[in-house]
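Source file: protein08.txt; contents: compact mmCIF, C-alpha atoms.
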# COMPACT_ATOMS: atom_id res chain seq x y z
CA MET A 1 8.55 -17.27 -21.19
CA ALA A 2 8.78 -19.48 -24.24
CA ALA A 3 5.71 -20.60 -26.13
CA ASP A 4 5.88 -24.05 -24.57
CA GLU A 5 5.97 -22.66 -21.04
CA VAL A 6 2.56 -22.19 -19.52
CA ILE A 7 1.11 -21.50 -16.12
CA ARG A 8 0.38 -24.89 -14.62
CA PRO A 9 -3.20 -25.81 -13.79
CA ASP A 10 -2.01 -27.23 -10.47
CA GLY A 11 -0.26 -24.01 -9.53
CA ARG A 12 -1.02 -21.80 -6.57
CA TRP A 13 -4.12 -20.26 -8.07
CA GLY A 14 -5.28 -23.24 -10.10
CA GLY A 15 -3.86 -22.11 -13.41
CA ARG A 16 -4.72 -18.46 -12.96
CA LEU A 17 -1.91 -15.99 -13.29
CA THR A 18 -2.84 -13.94 -10.26
CA ARG A 19 -5.05 -14.10 -7.22
CA ARG A 20 -6.51 -10.71 -8.02
CA ASP A 21 -6.97 -9.31 -11.50
CA LEU A 22 -4.29 -6.90 -12.56
CA PRO A 23 -5.81 -3.43 -12.99
CA MET A 24 -6.07 -2.13 -16.52
CA VAL A 25 -4.17 0.86 -17.73
CA GLY A 26 -6.15 4.04 -17.99
CA GLU A 27 -7.28 6.03 -15.01
CA GLY A 28 -5.12 6.83 -12.02
CA ALA A 29 -1.42 7.19 -11.61
CA ILE A 30 -0.41 5.09 -14.58
CA GLY A 31 -2.62 7.03 -16.93
CA ALA A 32 -1.32 10.31 -15.67
CA ALA A 33 2.30 9.32 -15.88
CA ALA A 34 4.27 11.04 -18.57
CA LEU A 35 5.04 8.95 -21.61
CA ALA A 36 8.77 8.96 -20.88
CA THR A 37 8.14 7.79 -17.34
CA ARG A 38 5.92 5.00 -18.58
CA GLU A 39 8.64 3.78 -20.91
CA ARG A 40 11.14 3.79 -18.06
CA VAL A 41 8.78 1.92 -15.78
CA ALA A 42 8.23 -0.62 -18.53
CA GLU A 43 11.98 -1.19 -18.73
CA VAL A 44 12.13 -1.83 -14.99
CA TRP A 45 9.32 -4.37 -15.06
CA LEU A 46 10.65 -6.12 -18.14
CA ALA A 47 14.01 -6.52 -16.45
CA ARG A 48 12.14 -7.92 -13.46
CA ALA A 49 10.45 -10.42 -15.77
CA ALA A 50 13.85 -11.69 -16.85
CA SER A 51 15.04 -12.03 -13.27
CA GLU A 52 11.91 -13.85 -12.17
CA ARG A 53 12.24 -16.28 -15.06
CA ARG A 54 15.78 -17.09 -13.98
CA VAL A 55 14.60 -17.72 -10.44
CA ALA A 56 12.21 -20.33 -11.83
CA ASP A 57 15.28 -22.15 -13.12
CA SER A 58 16.86 -21.79 -9.71
CA PHE A 59 13.90 -23.49 -8.08
CA VAL A 60 14.37 -26.45 -10.37
CA VAL A 61 17.74 -26.81 -8.64
CA VAL A 62 16.10 -26.34 -5.24
CA ARG A 63 13.48 -28.99 -5.94
CA ALA A 64 16.16 -31.46 -7.06
CA ALA A 65 18.19 -30.69 -3.94
CA LEU A 66 15.21 -31.35 -1.68
CA ILE A 67 14.52 -34.64 -3.42
CA ALA A 68 18.17 -35.65 -3.05
CA LEU A 69 18.04 -34.75 0.64
CA GLY A 70 14.96 -36.88 1.16
CA ALA A 71 13.07 -33.84 2.40
CA ASP A 72 9.46 -34.04 3.47
CA ALA A 73 7.09 -34.37 0.53
CA ALA A 74 5.27 -31.16 1.42
CA LEU A 75 8.50 -29.17 1.20
CA ILE A 76 9.26 -30.72 -2.17
CA ALA A 77 5.75 -29.86 -3.30
CA LEU A 78 6.23 -26.28 -2.18
CA ALA A 79 9.48 -26.03 -4.14
CA ASP A 80 7.74 -27.56 -7.14
CA ARG A 81 5.00 -24.97 -6.85
CA ALA A 82 7.67 -22.27 -6.55
CA ILE A 83 8.86 -23.03 -10.08
CA ASP A 84 5.40 -22.20 -11.35
CA ASP A 85 5.15 -19.22 -9.01
CA GLU A 86 8.26 -17.72 -10.51
CA MET A 87 7.01 -18.37 -14.02
CA ARG A 88 3.85 -16.50 -13.05
CA HIS A 89 5.98 -13.68 -11.66
CA ALA A 90 7.81 -13.44 -14.96
CA GLU A 91 4.55 -13.20 -16.84
CA ILE A 92 3.01 -10.77 -14.35
CA SER A 93 6.06 -8.55 -14.72
CA ARG A 94 5.92 -8.74 -18.51
CA ILE A 95 2.24 -7.82 -18.50
CA VAL A 96 2.85 -4.87 -16.18
CA ALA A 97 5.68 -3.73 -18.45
CA SER A 98 3.41 -4.04 -21.47
CA ARG A 99 0.64 -2.04 -19.87
CA TYR A 100 3.02 0.74 -18.97
CA ALA A 101 4.52 0.66 -22.45
CA GLY A 102 1.08 0.74 -24.03
CA ARG A 103 1.94 -2.17 -26.30
CA GLU A 104 2.51 -5.88 -26.01
CA LEU A 105 6.15 -6.52 -25.13
CA ALA A 106 7.92 -9.76 -25.92
CA HIS A 107 9.49 -11.85 -23.20
CA PRO A 108 13.01 -10.67 -22.49
CA PRO A 109 15.97 -12.92 -23.34
CA ARG A 110 16.44 -15.71 -20.86
CA LEU A 111 19.20 -15.07 -18.35
CA ALA A 112 21.82 -17.71 -17.63
CA LEU A 113 21.77 -19.36 -14.23
CA ALA A 114 25.05 -20.00 -12.43
CA VAL A 115 24.68 -22.47 -9.57
CA PRO A 116 27.37 -22.15 -6.87
CA ARG A 117 29.78 -25.11 -6.76
CA HIS A 118 30.56 -24.93 -3.04
CA ASP A 119 33.76 -26.90 -3.51
CA GLY A 120 34.97 -28.98 -0.61
CA VAL A 121 31.66 -29.84 0.97
CA SER A 122 29.77 -33.11 0.83
CA ALA A 123 27.07 -33.59 -1.78
CA SER A 124 24.44 -33.53 0.92
CA ALA A 125 25.75 -30.31 2.42
CA ARG A 126 25.90 -28.77 -1.06
CA HIS A 127 22.21 -29.48 -1.53
CA VAL A 128 21.47 -27.77 1.78
CA LEU A 129 23.57 -24.78 0.75
CA HIS A 130 21.73 -24.48 -2.53
CA VAL A 131 18.35 -24.47 -0.80
CA VAL A 132 19.49 -22.10 1.92
CA GLY A 133 21.19 -19.74 -0.53
CA GLN A 134 18.19 -19.43 -2.79
CA CYS A 135 15.45 -19.54 -0.20
CA ALA A 136 16.61 -18.52 3.28
CA ILE A 137 18.92 -15.80 2.02
CA ASN A 138 17.72 -14.61 -1.37
CA GLU A 139 13.97 -14.99 -0.98
CA THR A 140 14.07 -13.50 2.52
CA ILE A 141 15.85 -10.47 1.14
CA ALA A 142 13.47 -10.38 -1.80
CA SER A 143 10.59 -10.24 0.67
CA VAL A 144 12.07 -7.16 2.31
CA TYR A 145 12.77 -5.62 -1.08
CA LEU A 146 9.16 -6.10 -2.15
CA GLU A 147 7.80 -4.80 1.15
CA ASN A 148 9.92 -1.74 0.58
CA ALA A 149 8.73 -1.39 -3.00
CA LEU A 150 5.13 -1.65 -1.81
CA ALA A 151 5.69 1.09 0.73
CA PHE A 152 6.55 3.48 -2.10
CA ALA A 153 4.14 2.21 -4.74
CA THR A 154 0.90 4.09 -5.24
CA ALA A 155 -0.10 3.05 -8.76
CA PRO A 156 -2.79 0.34 -8.48
CA LEU A 157 -1.25 -1.89 -11.14
CA ALA A 158 2.16 -1.84 -9.47
CA ARG A 159 0.70 -2.45 -6.03
CA VAL A 160 -1.35 -5.46 -7.08
CA ALA A 161 1.59 -6.94 -8.96
CA LEU A 162 4.01 -6.41 -6.10
CA ARG A 163 1.61 -8.02 -3.64
CA GLU A 164 1.33 -11.07 -5.85
CA LEU A 165 5.09 -11.43 -5.93
CA LEU A 166 5.56 -10.82 -2.23
CA ALA A 167 2.95 -13.34 -1.15
CA ASP A 168 4.85 -16.09 -2.95
CA GLU A 169 8.34 -15.01 -1.90
CA ILE A 170 7.36 -15.42 1.74
CA ASP A 171 6.47 -19.05 1.12
CA HIS A 172 9.65 -19.59 -0.87
CA ALA A 173 11.82 -18.17 1.88
CA ARG A 174 10.21 -20.49 4.40
CA ILE A 175 11.53 -23.49 2.47
CA GLY A 176 15.05 -22.34 3.18
CA TRP A 177 14.50 -21.79 6.87
CA ALA A 178 12.78 -25.14 7.16
CA VAL A 179 15.80 -26.86 5.64
CA ALA A 180 18.35 -24.80 7.57
CA GLY A 181 16.67 -25.55 10.88
CA ALA A 182 16.60 -29.27 10.20
CA ALA A 183 20.06 -29.52 8.63
CA SER A 184 22.42 -32.29 9.71
CA PRO A 185 25.46 -31.42 11.84
CA ASP A 186 27.66 -31.84 8.74
CA ALA A 187 25.51 -29.48 6.70
CA ARG A 188 25.30 -27.02 9.55
CA ARG A 189 29.10 -26.93 9.81
CA ALA A 190 29.33 -26.31 6.07
CA LEU A 191 26.74 -23.59 6.44
CA GLY A 192 28.80 -21.85 9.12
CA VAL A 193 31.84 -21.87 6.84
CA GLU A 194 30.08 -20.89 3.63
CA LEU A 195 27.51 -18.44 4.96
CA PRO A 196 29.72 -15.32 4.96
CA ARG A 197 30.68 -15.87 1.34
CA MET A 198 27.10 -16.60 0.41
CA CYS A 199 25.92 -13.39 2.05
CA VAL A 200 28.57 -11.29 0.32
CA ALA A 201 27.77 -12.85 -3.04
CA ASN A 202 24.06 -12.33 -2.58
CA LEU A 203 24.39 -8.70 -1.55
CA ARG A 204 26.75 -8.11 -4.47
CA MET A 205 24.09 -9.46 -6.80
CA TRP A 206 21.41 -7.21 -5.35
CA ARG A 207 23.69 -4.19 -5.62
CA ALA A 208 24.91 -4.96 -9.14
CA PRO A 209 24.01 -2.34 -11.73
CA ARG A 210 21.24 -3.75 -13.87
CA GLY A 211 21.17 -1.10 -16.52
CA VAL A 212 17.58 -0.26 -15.74
CA PRO A 213 16.21 3.24 -15.21
CA GLU A 214 16.24 4.76 -11.74
CA GLY A 215 14.60 7.85 -10.39
CA PRO A 216 12.20 9.11 -7.76
CA GLU A 217 9.39 9.33 -10.29
CA LEU A 218 9.50 5.54 -10.69
CA ALA A 219 8.90 4.69 -7.04
CA ALA A 220 5.14 5.05 -7.35
CA HIS A 221 5.21 2.40 -10.05
CA GLY A 222 7.15 -0.30 -8.24
CA ALA A 223 10.78 0.71 -8.57
CA PRO A 224 11.85 1.94 -5.12
CA PRO A 225 14.59 4.57 -4.81
CA PRO A 226 18.09 3.03 -4.82
CA GLU A 227 18.98 4.47 -1.42
CA SER A 228 15.93 2.84 0.14
CA VAL A 229 16.82 -0.44 -1.56
CA GLU A 230 20.30 -0.33 -0.03
CA ARG A 231 18.85 0.41 3.41
CA GLY A 232 16.39 -2.42 3.03
CA LEU A 233 19.08 -4.88 2.00
CA LEU A 234 21.13 -4.14 5.09
CA VAL A 235 18.06 -4.31 7.29
CA ALA A 236 17.22 -7.69 5.79
CA PHE A 237 20.64 -9.04 6.66
CA ARG A 238 20.80 -7.49 10.12
CA GLU A 239 17.28 -8.18 11.29
CA LEU A 240 16.20 -11.33 9.49
CA VAL A 241 19.13 -13.29 8.05
CA VAL A 242 21.62 -12.93 10.91
CA PRO A 243 19.17 -13.49 13.80
CA GLY A 244 17.57 -16.31 11.87
CA PHE A 245 20.79 -18.25 11.48
CA ALA A 246 21.94 -17.34 14.98
CA SER A 247 18.73 -18.82 16.35
CA ILE A 248 19.66 -22.23 14.97
CA GLY A 249 23.22 -22.14 16.20
CA VAL A 250 24.98 -21.18 12.98
CA GLU A 251 28.00 -18.92 13.48
CA THR A 252 27.01 -15.41 12.40
CA ALA A 253 29.66 -13.24 14.08
CA PRO A 254 31.69 -12.81 10.85
CA ILE A 255 28.57 -11.66 9.02
CA ALA A 256 27.71 -9.20 11.78
CA CYS A 257 31.25 -7.82 11.67
CA TRP A 258 31.07 -7.52 7.90
CA LEU A 259 27.79 -5.62 8.15
CA ASP A 260 29.15 -3.34 10.87
CA ALA A 261 32.17 -2.59 8.69
CA GLY A 262 29.98 -1.40 5.85
CA ALA A 263 29.16 -4.66 4.08
CA ALA A 264 31.67 -4.29 1.30
CA THR A 265 31.01 -6.43 -1.74
CA MET B 1 10.34 -0.39 10.02
CA GLN B 2 7.18 -2.17 11.07
CA VAL B 3 7.51 -4.90 8.49
CA ARG B 4 10.66 -6.37 9.98
CA SER B 5 9.04 -8.01 12.96
CA ARG B 6 6.17 -9.25 10.83
CA LEU B 7 8.47 -10.59 8.15
CA PHE B 8 10.69 -12.22 10.73
CA HIS B 9 7.72 -14.15 11.98
CA ALA B 10 6.21 -14.83 8.58
CA VAL B 11 9.46 -15.96 7.02
CA VAL B 12 12.02 -17.10 9.57
CA VAL B 13 9.97 -18.30 12.51
CA SER B 14 7.29 -19.89 10.34
CA GLY B 15 9.95 -21.51 8.17
CA LEU B 16 11.76 -22.98 11.15
CA ALA B 17 8.48 -24.26 12.51
CA LEU B 18 7.72 -25.75 9.11
CA GLY B 19 11.03 -27.62 9.20
CA SER B 20 10.45 -28.85 12.73
CA ARG B 21 7.02 -30.11 11.87
CA ALA B 22 8.28 -31.80 8.73
CA ALA B 23 11.04 -33.50 10.69
CA ALA B 24 8.60 -34.57 13.37
CA ALA B 25 6.25 -35.92 10.76
CA SER B 26 9.02 -37.91 9.13
CA ALA B 27 10.06 -39.33 12.47
CA ALA B 28 6.47 -40.17 13.34
CA ALA B 29 5.95 -41.82 9.98
CA ALA B 30 9.12 -43.87 10.48
CA THR B 31 7.94 -44.87 13.94
CA ILE B 32 4.55 -45.87 12.67
CA ALA B 33 6.16 -47.89 9.89
CA THR B 34 8.44 -49.62 12.37
CA VAL B 35 5.57 -50.39 14.68
CA SER B 36 3.53 -51.65 11.77
CA ILE B 37 6.30 -53.96 10.64
CA ALA B 38 7.22 -55.15 14.13
CA ALA B 39 3.69 -55.71 15.33
CA SER B 40 1.40 -55.53 12.39
CA THR B 41 -1.47 -56.95 14.38
CA ILE B 42 -1.41 -54.02 16.76
CA PRO B 43 -3.54 -51.20 15.42
CA VAL B 44 -1.77 -47.93 15.20
CA GLY B 45 -4.12 -45.50 16.81
CA CYS B 46 -2.07 -42.37 16.49
CA SER B 47 -1.77 -40.17 13.49
CA ALA B 48 0.91 -37.79 12.51
CA GLY B 49 -1.87 -35.39 11.61
CA ASP B 50 -1.12 -32.64 9.18
CA PRO B 51 2.45 -31.76 9.97
CA LEU B 52 2.61 -28.92 7.53
CA ASP B 53 -0.55 -27.12 8.37
CA LEU B 54 0.98 -23.68 8.23
CA PRO B 55 -1.04 -22.07 5.48
CA PRO B 56 0.48 -20.06 2.66
CA MET B 57 0.78 -16.34 3.08
CA VAL B 58 -0.94 -13.63 1.12
CA VAL B 59 -0.51 -9.90 1.39
CA ASP B 60 -3.67 -7.90 1.79
CA GLU B 61 -4.75 -4.48 0.56
CA ASN B 62 -3.30 -2.86 3.65
CA ASN B 63 0.06 -4.45 3.04
CA ARG B 64 -0.38 -6.91 5.90
CA VAL B 65 0.69 -10.49 5.71
CA ARG B 66 -2.24 -12.84 6.01
CA GLU B 67 -2.65 -16.55 5.85
CA ALA B 68 -4.83 -18.13 3.18
CA ASP B 69 -6.43 -21.49 3.62
CA ASP B 70 -6.55 -24.05 0.84
CA ALA B 71 -9.81 -22.68 -0.46
CA GLY B 72 -8.28 -19.25 -0.77
CA ALA B 73 -10.39 -17.75 2.00
CA GLU B 74 -8.34 -15.38 4.05
CA VAL B 75 -7.76 -15.74 7.73
CA VAL B 76 -6.46 -12.63 9.40
CA ALA B 77 -3.02 -13.37 10.75
CA ASP B 78 -1.74 -10.11 12.02
CA ALA B 79 1.29 -9.86 14.21
CA GLU B 80 -0.58 -10.75 17.39
CA VAL B 81 -2.17 -13.87 15.95
CA MET B 82 1.08 -14.97 14.40
CA ASP B 83 2.87 -14.38 17.68
CA ALA B 84 0.29 -16.53 19.41
CA ASN B 85 0.80 -19.25 16.84
CA MET B 86 4.51 -19.10 17.29
CA ASP B 87 4.16 -19.12 21.07
CA ALA B 88 2.14 -22.29 20.75
CA ASN B 89 4.75 -23.79 18.48
CA GLU B 90 7.48 -22.91 20.90
CA HIS B 91 5.63 -24.57 23.74
CA ASP B 92 5.45 -27.64 21.55
CA GLY B 93 9.17 -27.42 21.04
CA ASP B 94 8.74 -26.67 17.37
CA ALA B 95 10.05 -23.16 17.13
CA GLY B 96 13.71 -22.36 17.39
CA TRP B 97 13.43 -18.71 18.07
CA PRO B 98 11.49 -16.80 20.73
CA PRO B 99 8.98 -14.56 19.04
CA THR B 100 9.81 -10.92 19.33
CA LYS B 101 7.68 -7.92 18.58
Starting from the coordinates I provided, produce the structure as structure tokens.
Amino acid sequence: MAADEVIRPDGRWGGRLTRRDLPMVGEGAIGAAALATRERVAEVWLARAASERRVADSFVVVRAALIALGADAALIALADRAIDDEMRHAEISRIVASRYAGRELAHPPRLALAVPRHDGVSASARHVLHVVGQCAINETIASVYLENALAFATAPLARVALRELLADEIDHARIGWAVAGAASPDARRALGVELPRMCVANLRMWRAPRGVPEGPELAAHGAPPPESVERGLLVAFRELVVPGFASIGVETAPIACWLDAGAAT
Amino acid sequence: MQVRSRLFHAVVVSGLALGSRAAAASAAAATIATVSIAASTIPVGCSAGDPLDLPPMVVDENNRVREADDAGAEVVADAEVMDANMDANEHDGDAGWPPTK
């Protein structure tokens, strides 16, 4: 987060970073963790800070898309709040990383955001696809990921931080389902065509090596084991994304087949 | 995985209901505007109400999804309560998916 980027006073918690105070380092699991483990956990959370900051940029795109679509003002307001939410997530993650590291860590370099072009669809449908891709697909999967991370986390600092993130991701995902359910016939057709590619691309992103430490000793501190992450991703697609889109009449058979065949990316 | 049903309701079903309510509110607002323009002397007695009254979600100490009102006070919204809410929405024609446990 750059110096000119601050938590907004009109954000979810009225300018506060978190709903609950983040526990201090000292007693408990974090204090007992070996120094090497703490450094590795710090790397994980600092990488998360970079990702969260990029998602804030993505919600700028989502907000613009909702405005262009003439969406209900409350949905636009929720997307606007989501920008601040993600900025808070970036800062929460940086603070957690710093506490594990035992020193103040700088914000990680800002990651570039690549917005899908979705060639061949109308401008209106493209806006819908951008909202659905970020919110209904990515934030839904993020919710499952964070639930999974919480199931493994025992360190108080990690648990509080993960809960803060998860609570917001649920709201963010709902934006996407709200837009998908109310999409025009044109946008819904585009969604049926583009959805398989969007799902593959999203899963590929989640699976992509991030160069961050992995290991069972990190699970207690908010970095779930890779095998459980993979299981959770597939569960998210099978039991939330696919039935969700099927419920609104979007063709999901190709996605189901892809999942049944191993979900290659 | 217990969370799946809860997350499906918290994310997908609630999101679809949110969209339905937003669309209904927009339509109602358009209707009210039309009525107001066409017959401005006729008082409009109906209100669209709060179409987006689904509160934000928080996650509690026991890793359960809860709803928080605007003041931040928590209202327990466990799976049963959320199912009941979604049932009500469905009866209103707002939900696009039958709630499942």
Near Pro213 of chain A, counting all atoms listed in the file, which residues have an atom at most 10 Å away, once you skip same-chain residues fewer than 4 positions from it, shown as a CSV table (one decimal) with C-alpha atoms, in the coordinates of the input?
chain,number,residue,atom,x,y,z
A,37,THR,CA,8.1,7.8,-17.3
A,39,GLU,CA,8.6,3.8,-20.9
A,40,ARG,CA,11.1,3.8,-18.1
A,41,VAL,CA,8.8,1.9,-15.8
A,42,ALA,CA,8.2,-0.6,-18.5
A,43,GLU,CA,12.0,-1.2,-18.7
A,44,VAL,CA,12.1,-1.8,-15.0
A,218,LEU,CA,9.5,5.5,-10.7
A,223,ALA,CA,10.8,0.7,-8.6
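Atom CA of Gly232 of chain A lies 8.3 Å from atom CA of Ile141 of chain A.
We find atom CA of Pro225 of chain A and atom CA of Ser143 of chain A to be spaced 16.3 Å apart.
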- Task: Excluding Arg174 of chain A and residues on its chain fewer than 3 positions from it, collect all residues at most 12 Å away from it, counting all atoms listed in the file, and give them as a PyMOL selection string.
- Result: (chain A and resi 75+78-79+82+131-132+134-141+143+167-171+177-181+244) or (chain B and resi 7-20+52+54-57)
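Nearest to chain B of all the residues A:Ala151, A:Leu35, A:Ala190, A:Ala263 is A:Ala151, based on all atoms listed in the file.
Note that atom CA of Ile248 of chain A and atom CA of Leu166 of chain A are 25.0 Å apart.
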Write out as number ranges by chain the residues lying within 10 Å of Gly15 of chain A, counting all atoms listed in the file and excluding same-chain residues fewer than 4 positions away. A: 6-11, 84, 88
Spatial neighbours of segment 61-65 of chain A, max dist 12 Å, all atoms listed in the file, sep filter under 5 positions, as an mmCIF file with C-alpha atoms, in the coordinates of the input:
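New file around-v7.cif:
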data_model
loop_
_atom_site.group_PDB
_atom_site.id
_atom_site.type_symbol
_atom_site.label_atom_id
_atom_site.label_comp_id
_atom_site.auth_asym_id
_atom_site.auth_seq_id
_atom_site.Cartn_x
_atom_site.Cartn_y
_atom_site.Cartn_z
ATOM 1 C CA ARG A 54 15.780 -17.090 -13.980
ATOM 2 C CA VAL A 55 14.600 -17.720 -10.440
ATOM 3 C CA ALA A 56 12.210 -20.330 -11.830
ATOM 4 C CA GLY A 70 14.960 -36.880 1.160
ATOM 5 C CA ALA A 71 13.070 -33.840 2.400
ATOM 6 C CA ASP A 72 9.460 -34.040 3.470
ATOM 7 C CA ALA A 73 7.090 -34.370 0.530
ATOM 8 C CA ALA A 74 5.270 -31.160 1.420
ATOM 9 C CA LEU A 75 8.500 -29.170 1.200
ATOM 10 C CA ILE A 76 9.260 -30.720 -2.170
ATOM 11 C CA ALA A 77 5.750 -29.860 -3.300
ATOM 12 C CA LEU A 78 6.230 -26.280 -2.180
ATOM 13 C CA ALA A 79 9.480 -26.030 -4.140
ATOM 14 C CA ASP A 80 7.740 -27.560 -7.140
ATOM 15 C CA ARG A 81 5.000 -24.970 -6.850
ATOM 16 C CA ALA A 82 7.670 -22.270 -6.550
ATOM 17 C CA ILE A 83 8.860 -23.030 -10.080
ATOM 18 C CA ASP A 84 5.400 -22.200 -11.350
ATOM 19 C CA LEU A 113 21.770 -19.360 -14.230
ATOM 20 C CA ALA A 114 25.050 -20.000 -12.430
ATOM 21 C CA VAL A 115 24.680 -22.470 -9.570
ATOM 22 C CA PRO A 116 27.370 -22.150 -6.870
ATOM 23 C CA ALA A 123 27.070 -33.590 -1.780
ATOM 24 C CA SER A 124 24.440 -33.530 0.920
ATOM 25 C CA ALA A 125 25.750 -30.310 2.420
ATOM 26 C CA ARG A 126 25.900 -28.770 -1.060
ATOM 27 C CA HIS A 127 22.210 -29.480 -1.530
ATOM 28 C CA VAL A 128 21.470 -27.770 1.780
ATOM 29 C CA LEU A 129 23.570 -24.780 0.750
ATOM 30 C CA HIS A 130 21.730 -24.480 -2.530
ATOM 31 C CA VAL A 131 18.350 -24.470 -0.800
ATOM 32 C CA VAL A 132 19.490 -22.100 1.920
ATOM 33 C CA GLY A 133 21.190 -19.740 -0.530
ATOM 34 C CA GLN A 134 18.190 -19.430 -2.790
ATOM 35 C CA CYS A 135 15.450 -19.540 -0.200
ATOM 36 C CA ALA A 136 16.610 -18.520 3.280
ATOM 37 C CA HIS A 172 9.650 -19.590 -0.870
ATOM 38 C CA ALA A 173 11.820 -18.170 1.880
ATOM 39 C CA ILE A 175 11.530 -23.490 2.470
ATOM 40 C CA GLY A 176 15.050 -22.340 3.180
ATOM 41 C CA VAL A 179 15.800 -26.860 5.640
#
Work out where the centre of an axis-aligned box around every listed atom of segment 208-227 of chain A lies and how long its edges are once 5 Å is added on each side; give both in Å to one decimal as AutoDock Vina command-line options.
--center_x 15.0 --center_y 2.2 --center_z -9.0 --size_x 29.8 --size_y 24.3 --size_z 25.1
Quiz item: What lies within 12 Å of Glu227 of chain A using all atoms listed in the file, ignoring chain neighbours under 6 positions off, as a list in words?
Solution: Tyr145, Asn148, Ala149, Arg207, Glu214, Gly215, Pro216, Ala219, Leu233 and Leu234 of chain A
Inset, instruction - Take the point (15.1, -11.9, -19.1) as written in the file and pick out every residue within 10 Å of it, counting all atoms listed in the file; give the list as a ChimeraX atom specification. - result: /A:1,46-54,90,94,107-112
Selected residues written out, C-alpha atoms, as an mmCIF file, in the coordinates of the input:
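Final file, selection-v3.cif:
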data_model
loop_
_atom_site.group_PDB
_atom_site.id
_atom_site.type_symbol
_atom_site.label_atom_id
_atom_site.label_comp_id
_atom_site.auth_asym_id
_atom_site.auth_seq_id
_atom_site.Cartn_x
_atom_site.Cartn_y
_atom_site.Cartn_z
ATOM 1 C CA MET A 1 8.550 -17.270 -21.190
ATOM 2 C CA LEU A 46 10.650 -6.120 -18.140
ATOM 3 C CA ALA A 47 14.010 -6.520 -16.450
ATOM 4 C CA ARG A 48 12.140 -7.920 -13.460
ATOM 5 C CA ALA A 49 10.450 -10.420 -15.770
ATOM 6 C CA ALA A 50 13.850 -11.690 -16.850
ATOM 7 C CA SER A 51 15.040 -12.030 -13.270
ATOM 8 C CA GLU A 52 11.910 -13.850 -12.170
ATOM 9 C CA ARG A 53 12.240 -16.280 -15.060
ATOM 10 C CA ARG A 54 15.780 -17.090 -13.980
ATOM 11 C CA ALA A 90 7.810 -13.440 -14.960
ATOM 12 C CA ARG A 94 5.920 -8.740 -18.510
ATOM 13 C CA HIS A 107 9.490 -11.850 -23.200
ATOM 14 C CA PRO A 108 13.010 -10.670 -22.490
ATOM 15 C CA PRO A 109 15.970 -12.920 -23.340
ATOM 16 C CA ARG A 110 16.440 -15.710 -20.860
ATOM 17 C CA LEU A 111 19.200 -15.070 -18.350
ATOM 18 C CA ALA A 112 21.820 -17.710 -17.630
#
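Considering the residues A:Cys257, A:Leu191, A:Ala182, A:Ala97 and counting all atoms listed in the file, chain B has its shortest atom-to-atom contact with A:Ala182.
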Return segment 146-157 of chain A, completed with N, CA and C atoms, as an mmCIF file, in the frame of the given file.
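Result file part06.cif:
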data_model
loop_
_atom_site.group_PDB
_atom_site.id
_atom_site.type_symbol
_atom_site.label_atom_id
_atom_site.label_comp_id
_atom_site.auth_asym_id
_atom_site.auth_seq_id
_atom_site.Cartn_x
_atom_site.Cartn_y
_atom_site.Cartn_z
ATOM 1 N N LEU A 146 10.515 -6.316 -1.638
ATOM 2 C CA LEU A 146 9.160 -6.100 -2.150
ATOM 3 C C LEU A 146 8.302 -5.341 -1.151
ATOM 4 N N GLU A 147 8.506 -5.607 0.141
ATOM 5 C CA GLU A 147 7.800 -4.800 1.150
ATOM 6 C C GLU A 147 8.155 -3.324 0.985
ATOM 7 N N ASN A 148 9.438 -3.102 0.761
ATOM 8 C CA ASN A 148 9.920 -1.740 0.580
ATOM 9 C C ASN A 148 9.316 -1.114 -0.684
ATOM 10 N N ALA A 149 9.299 -1.893 -1.748
ATOM 11 C CA ALA A 149 8.730 -1.390 -3.000
ATOM 12 C C ALA A 149 7.244 -1.057 -2.816
ATOM 13 N N LEU A 150 6.555 -1.897 -2.067
ATOM 14 C CA LEU A 150 5.130 -1.650 -1.810
ATOM 15 C C LEU A 150 4.915 -0.372 -1.014
ATOM 16 N N ALA A 151 5.836 -0.104 -0.107
ATOM 17 C CA ALA A 151 5.690 1.090 0.730
ATOM 18 C C ALA A 151 5.725 2.357 -0.113
ATOM 19 N N PHE A 152 6.441 2.312 -1.230
ATOM 20 C CA PHE A 152 6.550 3.480 -2.100
ATOM 21 C C PHE A 152 5.491 3.488 -3.207
ATOM 22 N N ALA A 153 5.014 2.313 -3.566
ATOM 23 C CA ALA A 153 4.140 2.210 -4.740
ATOM 24 C C ALA A 153 2.751 2.770 -4.445
ATOM 25 N N THR A 154 2.260 3.566 -5.358
ATOM 26 C CA THR A 154 0.900 4.090 -5.240
ATOM 27 C C THR A 154 0.041 3.714 -6.453
ATOM 28 N N ALA A 155 0.658 3.418 -7.562
ATOM 29 C CA ALA A 155 -0.100 3.050 -8.760
ATOM 30 C C ALA A 155 -0.770 1.690 -8.532
ATOM 31 N N PRO A 156 -2.070 1.598 -8.774
ATOM 32 C CA PRO A 156 -2.790 0.340 -8.480
ATOM 33 C C PRO A 156 -2.194 -0.883 -9.170
ATOM 34 N N LEU A 157 -1.805 -0.738 -10.420
ATOM 35 C CA LEU A 157 -1.250 -1.890 -11.140
ATOM 36 C C LEU A 157 0.025 -2.381 -10.469
#
